[in-house]
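Asks: Before we start, here is the structure in question, set down as structure tokens.
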Protein chains: 2
Amino acid sequence: MEANFKEKLNQAVKETEAVVYSFLPLEEGCQKTIFEAMNYSVKAGGKRLRPLLMRETYRMFGGKGKEIEPFMAAIEMIHTASLIHDDLPCMDNDELRRGKPTTWKVYGYDMAVLAGDALMIFAFETAAKALAMGADAEAVGRAMGILAEKTGIYGMIGGQTVDVELTGKPVSKEQLDFIYRLKTGALLEASMMIGAVLAGASEEELLAVRNIAADVGLAFQIQDDILDVVSTAEVLGKPVLSDEKNSKTTYVTLEGLDKAKMDVKEISERAVKRLADLSGQNPFLVELVEMLVTREK
Amino acid sequence: MEANFKEKLNQAVKETEAVVYSFLPLEEGCQKTIFEAMNYSVKAGGKRLRPLLMRETYRMFGGKGKEIEPFMAAIEMIHTASLIHDDLPCMDNDELRRGKPTTWKVYGYDMAVLAGDALMIFAFETAAKALAMGADAEAVGRAMGILAEKTGIYGMIGGQTVDVELTGKPVSKEQLDFIYRLKTGALLEASMMIGAVLAGASEEELLAVRNIAADVGLAFQIQDDILDVVSTAEVLGKPVLSDEKNSKTTYVTLEGLDKAKMDVKEISERAVKRLADLSGQNPFLVELVEMLVTREK
């Protein structure tokens, strides 16, 4: 990574994080515990990739307002909610995430279920605040619709349910594509599409953005599978060969390492080219997408 | 209950149910299981009180469109989602609800967590459909904001978390009021407020509707506590004296039966009077509210 880009990225992540945090609830009143559980989970770290992609897409289409901010917070809240529920004993039963105890380990099983619920609904409560910021009501309503569609049963949650159901069972290429497109891709689609809609992009541009985001999601996920095989625990900061250990079907186990590498290259290049074609105005977004799909950790 | 009103009520519940069902997902495709779990849970029965109150409030203020329908479905979906998660082993650990196996008993612990999540988010996806029905975008956005606010951490979920936290601990009158107002009242407030907003009610009317709904919620909940003490299992269709058995603090244990009865009468009469003052146009809604707060089962 170029030093200059890295610096810009760090700064952008810091700004994004500040925006997300600014919408979190105050830890006071009768519901103090749930507020703490929500904030603990959101503040536990992460790349803040989704709100950042949203902001940069918004800027690419000339967006200059504040109404993007509640949506930036909203998408990170829903992403966090899905991680909290994913970690539950009845799901992945994970006790650590990013080196910290998971929400259910700290606040208990019941509070973790409720904290996930709380963040999901609070995401929409937060997004609705854009209305009071003088944003176009039509665009806000549409953006809320995209947020729900891409995070719901035809998006992220749909992908998760299929993933859960197929755990330990043989998975076809078609099913794996479905899971990747929904579980990882849909949230990236939401991020970029909401940025575009709020900035007033045309229908054609919106469609192009959706296709780019879908490619980025797919390349990102395949790259994840590749790194699990070729990287080291030191570089990744998490155990490698975990997919093999869990007998998990991945793009690499289905297609082989060479084909996976070729595909991720092809899909990435297509996404980056399409993005560059679309925007002359936001080279940082192009660099960001390039980094995501060619990352080594 | 007057025979004529009972007939009207049965008809209205039937119509409401048909509206709610029309927005449920088709049980097909890769995510078939989660669709089935969602539909099983919504179709497991219930009084359909919330969507019905919404529709009747909408009509009271002269609403004549179809855009109320996705919101009717949405509020019932969120109500159902909260029941699914309430029944989980880590919460109330209930195996039966309305005589049927609970969602986690039928679909498993993991799928029940996901089915609740799915219904919460699908509620907002469904509500957003009102935009494509030619409804005023401002009103739809506002109604979605109310839906989130009243079901989230400052509403239903906030009430649930405090209820969970205080289980088995001494509960003050203030805390009990808080739980009742949020856990039961907030969803009723949402139902009636959304009906009012979508029908174009004034700010003053909206505030009046909120106060009426809050009273109805409180009276409804106190009546619940009273019936648990004075009724029989045959009449209620569920075990009585369950609060005592679970050492649960209720309005009756805190205030005594006589005071509880007096209070429910006072609150109910206030709500009914306020409602009658507000609307000459929907006597059915007045009857419905009267029935709710004076019911014997």
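In the structure tokens, chains take the letters A, B, ... in the order shown, each chain's residues start at 1, and ligands count up from 1 in the order shown.
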Identify all chain B residues at most 8 Å from chain A by counting only C-alpha atoms; ligands do not count. Present them as a VMD selection string.
Replies: chain B and resid 30 to 31 34 85 90 to 91 109 to 111 113 to 114 117 to 118 120 to 122 124 to 125 128 to 129 131 137 to 138 140 to 142 144 to 146 148 to 149 151 to 153 157 to 159 161 to 162 164 175
Asks: Quick one: everything within 12 Å of A:Leu49, counting only C-alpha atoms, minus sequence neighbours fewer than 4 positions away in the same chain. Send it as number ranges by chain.
Replies: A: 9-10, 12-14, 16-17, 20, 45, 53-56, 72-73, 75-76, 79, 184, 187-188, 191-192, 216-217, 220, 285, 288-289, 291-292
Asks: Where does chain B end up after superposition onto chain A over all in-order Cα pairs? Give it as a short mmCIF file (atom, residue, chain, number, x, y, z; two decimals) with C-alpha atoms, in the first residue's frame.
Replies:
data_model
loop_
_atom_site.label_atom_id
_atom_site.label_comp_id
_atom_site.auth_asym_id
_atom_site.auth_seq_id
_atom_site.Cartn_x
_atom_site.Cartn_y
_atom_site.Cartn_z
CA MET B 1 0.04 0.01 -0.02
CA GLU B 2 1.29 3.44 -0.95
CA ALA B 3 2.22 5.48 2.14
CA ASN B 4 0.13 8.44 1.02
CA PHE B 5 -2.99 6.32 0.54
CA LYS B 6 -2.45 4.58 3.88
CA GLU B 7 -2.36 7.92 5.63
CA LYS B 8 -5.51 9.08 3.88
CA LEU B 9 -7.19 5.80 4.76
CA ASN B 10 -6.32 6.02 8.44
CA GLN B 11 -7.67 9.55 8.56
CA ALA B 12 -10.88 8.55 6.76
CA VAL B 13 -11.45 5.58 9.08
CA LYS B 14 -10.97 7.85 12.08
CA GLU B 15 -13.53 10.34 10.72
CA THR B 16 -15.95 7.53 9.90
CA GLU B 17 -15.64 6.10 13.38
CA ALA B 18 -16.35 9.50 14.93
CA VAL B 19 -19.53 9.78 12.84
CA VAL B 20 -20.72 6.30 13.85
CA TYR B 21 -19.99 6.90 17.53
CA SER B 22 -21.86 10.20 17.52
CA PHE B 23 -25.13 8.35 16.94
CA LEU B 24 -24.69 5.77 19.72
CA PRO B 25 -27.00 6.02 22.75
CA LEU B 26 -25.91 7.69 25.99
CA GLU B 27 -25.30 5.12 28.69
CA GLU B 28 -27.86 6.38 31.18
CA GLY B 29 -31.36 5.65 32.46
CA CYS B 30 -33.18 2.38 33.20
CA GLN B 31 -31.88 0.71 30.01
CA LYS B 32 -28.23 1.49 30.84
CA THR B 33 -27.13 -2.15 30.44
CA ILE B 34 -28.42 -2.56 26.91
CA PHE B 35 -26.92 0.79 25.90
CA GLU B 36 -23.58 -0.40 27.27
CA ALA B 37 -23.86 -3.72 25.43
CA MET B 38 -24.66 -1.95 22.15
CA ASN B 39 -21.79 0.51 22.51
CA TYR B 40 -19.33 -2.16 23.61
CA SER B 41 -20.13 -4.15 20.49
CA VAL B 42 -19.91 -1.24 18.04
CA LYS B 43 -16.73 0.08 19.63
CA ALA B 44 -15.02 -3.34 19.63
CA GLY B 45 -13.26 -2.39 16.40
CA GLY B 46 -13.47 -3.25 12.75
CA LYS B 47 -12.46 -1.76 9.45
CA ARG B 48 -15.51 0.56 9.23
CA LEU B 49 -15.47 -0.43 5.62
CA ARG B 50 -19.20 -0.16 4.99
CA PRO B 51 -19.80 3.39 6.25
CA LEU B 52 -16.58 4.48 4.57
CA LEU B 53 -17.63 3.04 1.20
CA MET B 54 -20.99 4.76 1.67
CA ARG B 55 -19.43 8.14 2.36
CA GLU B 56 -17.03 7.93 -0.55
CA THR B 57 -19.74 6.86 -2.99
CA TYR B 58 -21.89 9.73 -1.76
CA ARG B 59 -19.01 12.15 -2.37
CA MET B 60 -18.29 10.66 -5.78
CA PHE B 61 -21.77 11.67 -6.89
CA GLY B 62 -21.33 15.16 -5.50
CA GLY B 63 -23.05 14.67 -2.13
CA LYS B 64 -22.10 17.42 0.30
CA GLY B 65 -24.73 17.21 3.07
CA LYS B 66 -24.88 15.73 6.55
CA GLU B 67 -27.78 13.36 5.83
CA ILE B 68 -25.34 10.61 4.86
CA GLU B 69 -24.09 10.43 8.46
CA PRO B 70 -27.08 8.73 10.13
CA PHE B 71 -27.00 6.14 7.33
CA MET B 72 -23.26 5.57 7.87
CA ALA B 73 -24.00 4.83 11.52
CA ALA B 74 -27.02 2.70 10.61
CA ILE B 75 -25.13 0.31 8.33
CA GLU B 76 -22.38 -0.20 10.90
CA MET B 77 -25.03 -0.91 13.57
CA ILE B 78 -26.67 -3.61 11.45
CA HIS B 79 -23.30 -5.12 10.58
CA THR B 80 -22.45 -5.20 14.30
CA ALA B 81 -25.84 -6.70 15.19
CA SER B 82 -25.22 -9.56 12.77
CA LEU B 83 -21.81 -10.23 14.35
CA ILE B 84 -23.31 -10.28 17.88
CA HIS B 85 -25.90 -12.88 16.86
CA ASP B 86 -23.34 -14.83 14.78
CA ASP B 87 -21.18 -15.24 17.88
CA LEU B 88 -24.00 -16.63 20.08
CA PRO B 89 -23.62 -20.14 21.51
CA CYS B 90 -26.47 -21.40 19.32
CA MET B 91 -24.69 -20.08 16.21
CA ASP B 92 -20.86 -20.04 15.97
CA ASN B 93 -20.32 -20.14 19.74
CA ASP B 94 -17.40 -17.71 19.58
CA GLU B 95 -15.94 -16.32 22.77
CA LEU B 96 -13.50 -13.92 21.18
CA ARG B 97 -13.74 -11.45 18.31
CA ARG B 98 -10.86 -9.23 17.36
CA GLY B 99 -9.14 -10.33 20.56
CA LYS B 100 -11.97 -9.16 22.80
CA PRO B 101 -14.65 -11.20 24.59
CA THR B 102 -17.78 -11.38 22.48
CA THR B 103 -20.94 -9.58 23.58
CA TRP B 104 -22.63 -12.66 25.05
CA LYS B 105 -19.50 -13.50 27.06
CA VAL B 106 -19.57 -10.04 28.64
CA TYR B 107 -23.30 -9.28 28.95
CA GLY B 108 -24.89 -12.73 28.98
CA TYR B 109 -26.81 -14.74 26.41
CA ASP B 110 -30.14 -12.95 26.87
CA MET B 111 -28.67 -9.44 26.74
CA ALA B 112 -26.67 -10.34 23.62
CA VAL B 113 -29.84 -11.43 21.81
CA LEU B 114 -31.45 -8.15 22.87
CA ALA B 115 -28.38 -6.05 22.00
CA GLY B 116 -28.46 -7.42 18.46
CA ASP B 117 -32.19 -6.72 18.21
CA ALA B 118 -31.64 -3.26 19.65
CA LEU B 119 -28.94 -2.38 17.13
CA MET B 120 -31.00 -3.63 14.19
CA ILE B 121 -33.97 -1.47 15.07
CA PHE B 122 -31.88 1.46 16.27
CA ALA B 123 -30.26 1.46 12.83
CA PHE B 124 -33.62 2.41 11.29
CA GLU B 125 -34.37 4.90 14.07
CA THR B 126 -30.99 6.49 13.33
CA ALA B 127 -31.47 6.48 9.56
CA ALA B 128 -34.83 8.22 9.99
CA LYS B 129 -32.97 11.15 11.57
CA ALA B 130 -31.87 12.14 8.07
CA LEU B 131 -35.41 13.45 7.56
CA ALA B 132 -34.91 16.13 10.19
CA MET B 133 -31.66 17.17 8.48
CA GLY B 134 -33.50 18.63 5.55
CA ALA B 135 -32.78 15.72 3.22
CA ASP B 136 -35.21 14.92 0.42
CA ALA B 137 -37.91 12.69 1.95
CA GLU B 138 -38.23 10.59 -1.18
CA ALA B 139 -34.50 9.81 -1.20
CA VAL B 140 -34.42 9.06 2.53
CA GLY B 141 -37.40 6.72 2.24
CA ARG B 142 -35.77 4.98 -0.66
CA ALA B 143 -32.45 4.68 1.16
CA MET B 144 -34.24 3.15 4.16
CA GLY B 145 -35.89 0.69 1.80
CA ILE B 146 -32.50 -0.29 0.35
CA LEU B 147 -31.07 -0.65 3.85
CA ALA B 148 -33.85 -3.06 4.82
CA GLU B 149 -33.82 -4.97 1.53
CA LYS B 150 -30.08 -5.56 1.47
CA THR B 151 -29.80 -6.48 5.14
CA GLY B 152 -32.95 -8.63 5.28
CA ILE B 153 -34.10 -12.00 4.03
CA TYR B 154 -33.21 -11.25 0.41
CA GLY B 155 -29.84 -9.91 1.56
CA MET B 156 -27.53 -10.41 4.53
CA ILE B 157 -29.87 -12.41 6.78
CA GLY B 158 -30.97 -14.56 3.87
CA GLY B 159 -27.32 -15.41 3.25
CA GLN B 160 -26.71 -16.16 6.92
CA THR B 161 -29.61 -18.55 7.17
CA VAL B 162 -28.45 -20.56 4.15
CA ASP B 163 -24.91 -20.56 5.54
CA VAL B 164 -26.17 -21.87 8.90
CA GLU B 165 -28.33 -24.49 7.26
CA LEU B 166 -25.57 -25.83 5.04
CA THR B 167 -22.93 -26.02 7.78
CA GLY B 168 -21.44 -29.51 7.71
CA LYS B 169 -23.29 -30.40 4.50
CA PRO B 170 -21.99 -30.52 0.92
CA VAL B 171 -22.27 -27.11 -0.74
CA SER B 172 -22.58 -26.62 -4.49
CA LYS B 173 -20.93 -23.79 -6.41
CA GLU B 174 -24.37 -22.28 -6.95
CA GLN B 175 -25.13 -22.30 -3.23
CA LEU B 176 -21.74 -20.86 -2.35
CA ASP B 177 -22.25 -18.03 -4.84
CA PHE B 178 -25.65 -17.38 -3.31
CA ILE B 179 -24.22 -17.21 0.21
CA TYR B 180 -21.33 -14.93 -0.81
CA ARG B 181 -23.57 -12.65 -2.81
CA LEU B 182 -26.04 -12.26 0.07
CA LYS B 183 -23.97 -12.62 3.22
CA THR B 184 -21.06 -10.40 2.21
CA GLY B 185 -22.10 -8.69 -1.00
CA ALA B 186 -25.50 -7.33 -0.03
CA LEU B 187 -24.20 -5.07 2.75
CA LEU B 188 -21.58 -3.62 0.42
CA GLU B 189 -24.28 -3.08 -2.19
CA ALA B 190 -26.39 -1.30 0.43
CA SER B 191 -23.47 0.89 1.47
CA MET B 192 -22.64 2.10 -2.02
CA MET B 193 -26.25 2.29 -3.26
CA ILE B 194 -27.36 4.40 -0.29
CA GLY B 195 -24.47 6.78 -0.89
CA ALA B 196 -25.53 7.06 -4.53
CA VAL B 197 -29.25 7.51 -3.81
CA LEU B 198 -28.72 10.21 -1.20
CA ALA B 199 -26.40 12.11 -3.54
CA GLY B 200 -29.06 12.03 -6.25
CA ALA B 201 -27.44 9.58 -8.67
CA SER B 202 -29.44 8.50 -11.72
CA GLU B 203 -31.08 5.07 -12.05
CA GLU B 204 -28.40 4.03 -14.50
CA GLU B 205 -25.64 5.09 -12.12
CA LEU B 206 -27.37 3.29 -9.26
CA LEU B 207 -27.41 0.06 -11.23
CA ALA B 208 -23.74 0.44 -12.13
CA VAL B 209 -22.89 1.05 -8.47
CA ARG B 210 -24.78 -2.07 -7.47
CA ASN B 211 -22.83 -4.19 -9.94
CA ILE B 212 -19.52 -2.76 -8.79
CA ALA B 213 -20.40 -3.38 -5.13
CA ALA B 214 -21.46 -6.95 -5.90
CA ASP B 215 -18.10 -7.58 -7.62
CA VAL B 216 -16.21 -6.02 -4.72
CA GLY B 217 -18.12 -8.22 -2.27
CA LEU B 218 -17.40 -11.37 -4.24
CA ALA B 219 -13.71 -10.56 -4.79
CA PHE B 220 -13.38 -9.63 -1.11
CA GLN B 221 -14.83 -12.95 -0.03
CA ILE B 222 -12.78 -15.09 -2.43
CA GLN B 223 -9.66 -13.20 -1.30
CA ASP B 224 -10.65 -14.12 2.26
CA ASP B 225 -10.72 -17.79 1.29
CA ILE B 226 -7.36 -17.49 -0.47
CA LEU B 227 -5.68 -15.75 2.47
CA ASP B 228 -6.92 -18.48 4.81
CA VAL B 229 -4.81 -20.90 2.75
CA VAL B 230 -1.77 -18.88 1.69
CA SER B 231 -1.20 -16.41 4.50
CA THR B 232 0.19 -16.80 8.01
CA ALA B 233 -1.43 -16.17 11.38
CA GLU B 234 1.12 -13.40 12.00
CA VAL B 235 0.09 -11.44 8.94
CA LEU B 236 -3.65 -12.05 9.23
CA GLY B 237 -3.91 -11.56 12.98
CA LYS B 238 -6.16 -14.64 13.14
CA PRO B 239 -5.63 -18.39 12.73
CA VAL B 240 -5.13 -19.63 9.15
CA LEU B 241 -6.41 -22.89 7.63
CA SER B 242 -9.56 -22.41 9.73
CA ASP B 243 -11.81 -23.32 6.78
CA GLU B 244 -10.04 -26.65 6.38
CA LYS B 245 -10.23 -27.28 10.13
CA ASN B 246 -13.97 -26.58 10.11
CA SER B 247 -14.45 -28.66 6.90
CA LYS B 248 -15.93 -25.54 5.37
CA THR B 249 -16.62 -25.41 1.65
CA THR B 250 -14.97 -22.32 0.19
CA TYR B 251 -14.24 -20.92 -3.23
CA VAL B 252 -10.77 -22.44 -2.92
CA THR B 253 -11.96 -25.93 -2.00
CA LEU B 254 -14.47 -25.89 -4.86
CA GLU B 255 -12.38 -24.28 -7.59
CA GLY B 256 -8.79 -24.77 -6.49
CA LEU B 257 -6.30 -22.09 -5.50
CA ASP B 258 -5.14 -21.15 -8.99
CA LYS B 259 -8.62 -20.66 -10.38
CA ALA B 260 -9.61 -18.71 -7.25
CA LYS B 261 -6.66 -16.38 -7.72
CA MET B 262 -7.45 -15.90 -11.39
CA ASP B 263 -11.11 -15.20 -10.67
CA VAL B 264 -10.44 -12.71 -7.92
CA LYS B 265 -8.09 -10.89 -10.29
CA GLU B 266 -10.63 -10.81 -13.08
CA ILE B 267 -13.54 -9.71 -10.88
CA SER B 268 -11.42 -7.08 -9.15
CA GLU B 269 -10.15 -5.61 -12.38
CA ARG B 270 -13.67 -5.44 -13.74
CA ALA B 271 -14.91 -3.66 -10.62
CA VAL B 272 -12.04 -1.18 -10.58
CA LYS B 273 -12.42 -0.44 -14.28
CA ARG B 274 -16.17 0.09 -13.99
CA LEU B 275 -15.67 2.37 -11.04
CA ALA B 276 -12.98 4.40 -12.80
CA ASP B 277 -15.26 4.73 -15.84
CA LEU B 278 -18.00 6.06 -13.61
CA SER B 279 -16.15 8.59 -11.54
CA GLY B 280 -13.39 10.94 -12.38
CA GLN B 281 -14.08 12.72 -9.12
CA ASN B 282 -13.13 10.31 -6.37
CA PRO B 283 -9.75 8.66 -6.88
CA PHE B 284 -9.69 7.77 -3.18
CA LEU B 285 -12.69 5.49 -3.66
CA VAL B 286 -10.92 3.77 -6.57
CA GLU B 287 -7.84 3.25 -4.41
CA LEU B 288 -10.00 2.00 -1.55
CA VAL B 289 -11.69 -0.60 -3.75
CA GLU B 290 -8.32 -1.66 -5.21
CA MET B 291 -6.98 -2.13 -1.71
CA LEU B 292 -9.99 -4.20 -0.63
CA VAL B 293 -9.80 -6.71 -3.42
CA THR B 294 -6.03 -7.10 -3.50
CA ARG B 295 -5.37 -6.93 0.23
CA GLU B 296 -2.94 -9.31 1.87
CA LYS B 297 -4.54 -9.33 5.29
#
Asks: Looking only at alpha helix (DSSP H) from DSSP on the backbone, list the matching residues of stretch 29-223 of chain B as a PyMOL selection string.
Replies: chain B and resi 32-42+49-60+68-86+103-107+109-127+137-151+156-166+173-179+186-198+203-223
Asks: Looking only at strand (DSSP E) from DSSP on the backbone, list the matching residues of stretch 2-208 of chain A as JSON, numbers by chain.
Replies: {"A": [96, 97, 100, 101]}
